[in-house]
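S.K.: Dropping the structure in here first, questions after.
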Amino acid sequence: MSTPSTPATDPYPRPNRILIIGGGPAGLTTLHNLTTLGSFDRVELVERRDNIGGVWYLDPPDQSHGPAHRHRWPSPAYKGMIGNVLPTNLSFHSLSFPQLPDPHQPFPTLSETHEYLLAFAAPYLSSGAIRLNTEVLHVEEQKEGWKVVLRDVVRNEVREERWDAVVGAVGWYDNPVWPDTPGLDVLRERGVARHAKMWRGPEGYEEKRVLVIANANSSNDIAAQLAPIAQSPIYQSIRRPAFPGFPSLPDERIEMVSPVQEYIFHDSSGKVEVKLSDGRSLPDIDYVVLGTGYKVFPDFIHILNTESQLNPLITPTTYPNRIPHLHNLILYAHNPTLAFTGAPMAFTPFTIFDLQATWLALCWTRTNPIMYPKTTEGRLKYDEDRIRTVEEWRSRIENPSALMVYNVLGMGEEDYASMLRAEVVAVRPELGEVLPVWSEESRKARDRMFVAKLDALRWARDERGEGKASG
């Protein structure tokens with residue numbers, strides 16, 4: 001990719017008109033914080049689906065008589081999904097999550113979380129600050145401001161708008177990650193390899209032989225749902241024991257196996273032979289379901305290079321995979337009128353998104369703003385340091401986890417949040433009374449959350465006969 005340009009403008013831009021892309025949790029809290037903490041003429045949010053909520057908005061199952069546009073961007077959630085984050089960490093600082101009705105199940109369901117987000121978004125939906133059914137096709141950096149090309153997905157009408165600043169809050173879930181395992185492409189073509197993004201429950205897998213790939217939350221949940229339905233055992237291919245943050249219950253119907261070395265599809269039977277790295281072979285597999293995660297990839301954003309030509313902000317060759325050149329994982333170093341919230345994966349996503357949005361609002365506001373590094377080189381330093389730190393982490397560990405990457409805060413979450421919080425409170429001391437505190441104690445509380453999830457899973461299994469894992 002060619003070198004981005006650095007506009008010869010005020011290093012501390014004060015935009016008047018700001019567009020937020022994406023109506024999930026990150027976008028909603030960004031809209032709220034920019035509106036309430038900043039001093040801007042116009043702040044709007046566009047969402048391409050017909051409701052807010054992002055991953056937490058599950059389309060109704062029968063869309064056969066509804067608008068066709070609903071089919072285009074399905075959530076990776078599924079009916080009956082229960083989260084793995086406690087309400088304390090699903091609360092924005094301006095609205096607490098309501099008390100849940102069942103003390104034995106302290107983790108909110110999909111519908112409970114969506115209802116919370118609907119309540120949070122209600123004033124902005126009624127005021128018109130949120131535009132639904134509006135897809136962003138292109139975002140293009142200009143000499144001054146940003147050109148945004150949008151499409152009304154109901155009327156199929158395209159128009160252009162100009163904005164002083166743009167916030168990308170589009171998350172991860174458009175871009176499922178498929179491993180490059182030999183033979184997997186053939187399985188995808190035959191329709192027998194399916195990503196967890198499209199999981200809608202175990203129906204249709206009755207008496208099928210199924211292999212589930214990976215052992216994070218989605219894979220564990222899928223294996224647990226398949227266990228009473230599909231042919232035993234359900235095979236679950238893993239590279240290492242599960243991280244404590246992905247709790248699941250042991251099940252004699254689920255057999256852990258080594259990583260996959262190769263898939264062989266047999267046209268005569270329509271079955272799959274799976275060769276494992278330990279030399280074992282699994283014959284006659286009907287379906288492979290992959291919970292191999294997602295990647296952040298906002299390739300619809302284009303930036304100017306030094307020759308004033310537009311280039312994608314991110315490409316498949318961007319290394320490491322990330323939104324490049326972000327100061328504090330938020331502010332684009334070459335042009336601080338472009339920002340992102342929700343880019344890093346976090347254990348406590350809503351509170352991290354809320355803190356990022358608070359920090360951003362106070363960077364762009366005119367009244368007593370946060371003063372980030374003045375030069376492009378200074379703003380690039382965070383990105384450079386993080387790349388180096390992650391590479392050092394990975395070099396010290398044999399077979400490092402796929403979660404030990406640039407885009408995952410991991411065990412550095414408390415340090416990252418504490419840094420942002422300190423910068424916020426330095427200019428707005430009153431926010432110290434309402435923002436969470438990230439500390440060693442909060443780290444311990446997070447670890448206790450994983451134990452609480454296991455307790456909730458045991459209770460569901462023993463008292464209700466349910467085997468739902470985390471969503």
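Scheme for the structure tokens: letters A, B, ... for chains in order shown; per-chain residue numbers from 1; ligand numbers from 1 in order shown.
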What's the 12 Å shell around Leu118 of chain A, counting only C-alpha atoms, without same-chain residues fewer than 3 positions away, as a ChimeraX atom specification?
M.R.: /A:23-25,28-29,51-54,56-57,95,97,111-115,121-126,130
S.K.: Could you build a table of the residues in segment 131-155 of chain A lying no more than 12 Å from segment 333-346 of chain A, giving for each the nearest pair of atoms and their separation in Å rounded to one decimal place, using only C-alpha atoms, ordered by chain and ascending residue number, as JSON lines?
M.R.:
{"residue": "A:Val139", "atom": "CA", "partner": "A:Leu338", "partner_atom": "CA", "distance": 10.2}
{"residue": "A:Glu140", "atom": "CA", "partner": "A:Leu338", "partner_atom": "CA", "distance": 10.6}
{"residue": "A:Glu141", "atom": "CA", "partner": "A:Leu338", "partner_atom": "CA", "distance": 8.9}
{"residue": "A:Gln142", "atom": "CA", "partner": "A:Asn335", "partner_atom": "CA", "distance": 10.6}
{"residue": "A:Lys143", "atom": "CA", "partner": "A:Asn335", "partner_atom": "CA", "distance": 10.6}
{"residue": "A:Glu144", "atom": "CA", "partner": "A:Thr337", "partner_atom": "CA", "distance": 9.8}
{"residue": "A:Gly145", "atom": "CA", "partner": "A:Thr337", "partner_atom": "CA", "distance": 7.6}
{"residue": "A:Trp146", "atom": "CA", "partner": "A:Thr337", "partner_atom": "CA", "distance": 8.7}
{"residue": "A:Lys147", "atom": "CA", "partner": "A:Leu338", "partner_atom": "CA", "distance": 12.0}
S.K.: What would the file look like if the residues just selected were written as a JSON list (two decimals), in the first residue's frame with all heavy atoms?
M.R.:
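Written file, out_0.json:
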[["chain", "number", "residue", "atom", "x", "y", "z"],
["A", 139, "VAL", "N", -16.32, 5.46, 1.84],
["A", 139, "VAL", "CA", -15.90, 6.65, 2.57],
["A", 139, "VAL", "C", -14.58, 7.09, 1.95],
["A", 139, "VAL", "O", -13.64, 6.29, 1.86],
["A", 139, "VAL", "CB", -15.71, 6.37, 4.07],
["A", 139, "VAL", "CG1", -15.16, 7.60, 4.78],
["A", 139, "VAL", "CG2", -17.03, 5.93, 4.71],
["A", 140, "GLU", "N", -14.51, 8.33, 1.50],
["A", 140, "GLU", "CA", -13.33, 8.81, 0.78],
["A", 140, "GLU", "C", -12.80, 10.08, 1.42],
["A", 140, "GLU", "O", -13.53, 11.07, 1.59],
["A", 140, "GLU", "CB", -13.67, 9.07, -0.69],
["A", 140, "GLU", "CG", -14.14, 7.82, -1.43],
["A", 140, "GLU", "CD", -14.53, 8.10, -2.86],
["A", 140, "GLU", "OE1", -14.44, 9.29, -3.29],
["A", 140, "GLU", "OE2", -14.94, 7.16, -3.56],
["A", 141, "GLU", "N", -11.52, 10.03, 1.79],
["A", 141, "GLU", "CA", -10.86, 11.21, 2.34],
["A", 141, "GLU", "C", -10.75, 12.28, 1.27],
["A", 141, "GLU", "O", -10.37, 12.01, 0.12],
["A", 141, "GLU", "CB", -9.48, 10.83, 2.86],
["A", 141, "GLU", "CG", -8.74, 11.97, 3.54],
["A", 141, "GLU", "CD", -7.37, 11.57, 4.02],
["A", 141, "GLU", "OE1", -6.88, 10.49, 3.61],
["A", 141, "GLU", "OE2", -6.77, 12.34, 4.80],
["A", 142, "GLN", "N", -11.06, 13.52, 1.64],
["A", 142, "GLN", "CA", -10.94, 14.66, 0.75],
["A", 142, "GLN", "C", -9.86, 15.61, 1.28],
["A", 142, "GLN", "O", -9.33, 15.41, 2.37],
["A", 142, "GLN", "CB", -12.27, 15.40, 0.66],
["A", 142, "GLN", "CG", -13.45, 14.52, 0.29],
["A", 142, "GLN", "CD", -13.39, 14.00, -1.13],
["A", 142, "GLN", "OE1", -13.52, 14.75, -2.08],
["A", 142, "GLN", "NE2", -13.17, 12.68, -1.29],
["A", 143, "LYS", "N", -9.51, 16.62, 0.50],
["A", 143, "LYS", "CA", -8.57, 17.62, 0.99],
["A", 143, "LYS", "C", -9.09, 18.25, 2.28],
["A", 143, "LYS", "O", -8.32, 18.57, 3.19],
["A", 143, "LYS", "CB", -8.35, 18.70, -0.07],
["A", 143, "LYS", "CG", -7.65, 18.21, -1.33],
["A", 143, "LYS", "CD", -6.23, 17.78, -1.06],
["A", 143, "LYS", "CE", -5.51, 17.42, -2.36],
["A", 143, "LYS", "NZ", -4.12, 16.96, -2.10],
["A", 144, "GLU", "N", -10.40, 18.39, 2.34],
["A", 144, "GLU", "CA", -11.03, 18.84, 3.57],
["A", 144, "GLU", "C", -12.26, 17.97, 3.80],
["A", 144, "GLU", "O", -13.16, 17.92, 2.97],
["A", 144, "GLU", "CB", -11.45, 20.31, 3.48],
["A", 144, "GLU", "CG", -10.29, 21.29, 3.44],
["A", 144, "GLU", "CD", -10.75, 22.74, 3.48],
["A", 144, "GLU", "OE1", -11.97, 22.95, 3.66],
["A", 144, "GLU", "OE2", -9.91, 23.63, 3.32],
["A", 145, "GLY", "N", -12.28, 17.27, 4.90],
["A", 145, "GLY", "CA", -13.43, 16.45, 5.25],
["A", 145, "GLY", "C", -13.47, 15.12, 4.53],
["A", 145, "GLY", "O", -12.47, 14.65, 3.98],
["A", 146, "TRP", "N", -14.68, 14.54, 4.49],
["A", 146, "TRP", "CA", -14.87, 13.18, 3.97],
["A", 146, "TRP", "C", -16.11, 13.12, 3.10],
["A", 146, "TRP", "O", -17.16, 13.70, 3.45],
["A", 146, "TRP", "CB", -15.03, 12.19, 5.13],
["A", 146, "TRP", "CG", -13.82, 12.14, 6.00],
["A", 146, "TRP", "CD1", -13.50, 12.98, 7.03],
["A", 146, "TRP", "CD2", -12.73, 11.22, 5.89],
["A", 146, "TRP", "NE1", -12.29, 12.63, 7.57],
["A", 146, "TRP", "CE2", -11.79, 11.56, 6.89],
["A", 146, "TRP", "CE3", -12.46, 10.14, 5.04],
["A", 146, "TRP", "CZ2", -10.60, 10.85, 7.07],
["A", 146, "TRP", "CZ3", -11.29, 9.43, 5.21],
["A", 146, "TRP", "CH2", -10.37, 9.79, 6.21],
["A", 147, "LYS", "N", -15.98, 12.46, 1.96],
["A", 147, "LYS", "CA", -17.14, 12.16, 1.13],
["A", 147, "LYS", "C", -17.64, 10.77, 1.49],
["A", 147, "LYS", "O", -16.86, 9.81, 1.50],
["A", 147, "LYS", "CB", -16.79, 12.21, -0.36],
["A", 147, "LYS", "CG", -17.98, 11.92, -1.26],
["A", 147, "LYS", "CD", -17.65, 12.10, -2.73],
["A", 147, "LYS", "CE", -16.91, 10.91, -3.29],
["A", 147, "LYS", "NZ", -16.74, 10.99, -4.76]]
S.K.: Considering only strand (DSSP E or B) as DSSP defines it on the backbone, what residues of segment 243-364 of chain A qualify? List them as a PyMOL selection string.
M.R.: chain A and resi 254-257+260-266+271-276+281-285+287-290+294+301-305+310-312+326-327+331-332+338-340+345
S.K.: Write out, as JSON lines, each residue of segment 284-400 of chain A that has an atom at most 9 Å from segment 180-202 of chain A, together with the closest pair of atoms and their distance in Å to one decimal, counting only C-alpha atoms, rows going by chain and rising number.
M.R.:
{"residue": "A:Asp286", "atom": "CA", "partner": "A:Val192", "partner_atom": "CA", "distance": 6.8}
{"residue": "A:Tyr287", "atom": "CA", "partner": "A:Val192", "partner_atom": "CA", "distance": 4.8}
{"residue": "A:Val288", "atom": "CA", "partner": "A:Ala193", "partner_atom": "CA", "distance": 4.7}
{"residue": "A:Val289", "atom": "CA", "partner": "A:Arg194", "partner_atom": "CA", "distance": 4.9}
{"residue": "A:Leu290", "atom": "CA", "partner": "A:His195", "partner_atom": "CA", "distance": 4.8}
{"residue": "A:Gly291", "atom": "CA", "partner": "A:Ala196", "partner_atom": "CA", "distance": 5.0}
{"residue": "A:Thr292", "atom": "CA", "partner": "A:His195", "partner_atom": "CA", "distance": 7.6}
{"residue": "A:Gly293", "atom": "CA", "partner": "A:Ala196", "partner_atom": "CA", "distance": 8.1}
{"residue": "A:Tyr294", "atom": "CA", "partner": "A:Lys197", "partner_atom": "CA", "distance": 8.8}
S.K.: Report as number ranges by chain: the residues of segment 26-254 of chain A with a DSSP assignment of helix (DSSP H, G or I), based on the backbone of this structure.
M.R.: A: 26-37, 54-56, 68-72, 87-90, 110-127, 184-190, 196-198, 217-226
S.K.: Extract, using only C-alpha atoms, all DNA, RNA and protein residues at most 9 Å from Phe300 of chain A, discarding same-chain residues fewer than 6 positions from it, and format them as a count of residues only.
M.R.: 8
S.K.: With only C-alpha atoms as the counted atoms, please give the residues lying no more than 10 Å from Pro373 of chain A, apart from itself and same-chain residues fewer than 6 positions off, as a PyMOL selection string.
M.R.: chain A and resi 11-12+327+333+379-381
S.K.: Using only C-alpha atoms for the distances, tell me which of A:Asp221, A:Asp41, A:Glu413, A:Asp174 is nearest to Arg14 of chain A.
M.R.: A:Asp41
S.K.: Please indicate the distance in Å from atom CA of Gln236 of chain A to atom CA of Val212 of chain A, rounded to one decimal place.
M.R.: 4.7 Å
S.K.: As an exercise, work out the distance from atom CA of Ala169 of chain A to atom CA of Asp299 of chain A in Å and give it to one decimal place.
M.R.: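 Between atom CA of Ala169 of chain A and atom CA of Asp299 of chain A the gap works out to 13.1 Å.
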S.K.: State, in Å with one decimal place, the distance from atom CA of Asp354 of chain A to atom CA of Val170 of chain A.
M.R.: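 Here the two named atoms are 14.7 Å from each other.
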S.K.: Pick out the closest residue to Leu360 of chain A from this set: A:Val424, A:Val437, A:Leu86, A:Ile303. Count only C-alpha atoms.
M.R.: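 Nearest candidate to Leu360 of chain A out of A:Val424, A:Val437, A:Leu86, A:Ile303: A:Val424.
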S.K.: My list of candidates is A:Arg72, A:Lys295, A:Lys275, A:Arg240. Which is closest to Ala216 of chain A when distances are computed with only C-alpha atoms?
M.R.: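 Of the candidates, the smallest distance to Ala216 of chain A is held by A:Arg240.
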S.K.: Between A:Pro250, A:Pro87, A:Pro298, A:Pro283, which has the minimum distance to Ile264 of chain A (counting only C-alpha atoms)?
M.R.: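 Between A:Pro250, A:Pro87, A:Pro298, A:Pro283, the residue approaching Ile264 of chain A most closely is A:Pro283.
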S.K.: Using only C-alpha atoms, which of the listed residues (A:Leu110, A:Val158, A:Ile254, A:Ile397) sits closest to Ile222 of chain A?
M.R.: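 The answer is A:Ile254, which sits nearest to Ile222 of chain A.
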S.K.: Nearest residue to Tyr78 of chain A out of A:Ser127, A:Thr109, A:Ser232, A:Ser395, using only C-alpha atoms?
M.R.: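 Using only C-alpha atoms, the shortest distance to Tyr78 of chain A belongs to A:Thr109.
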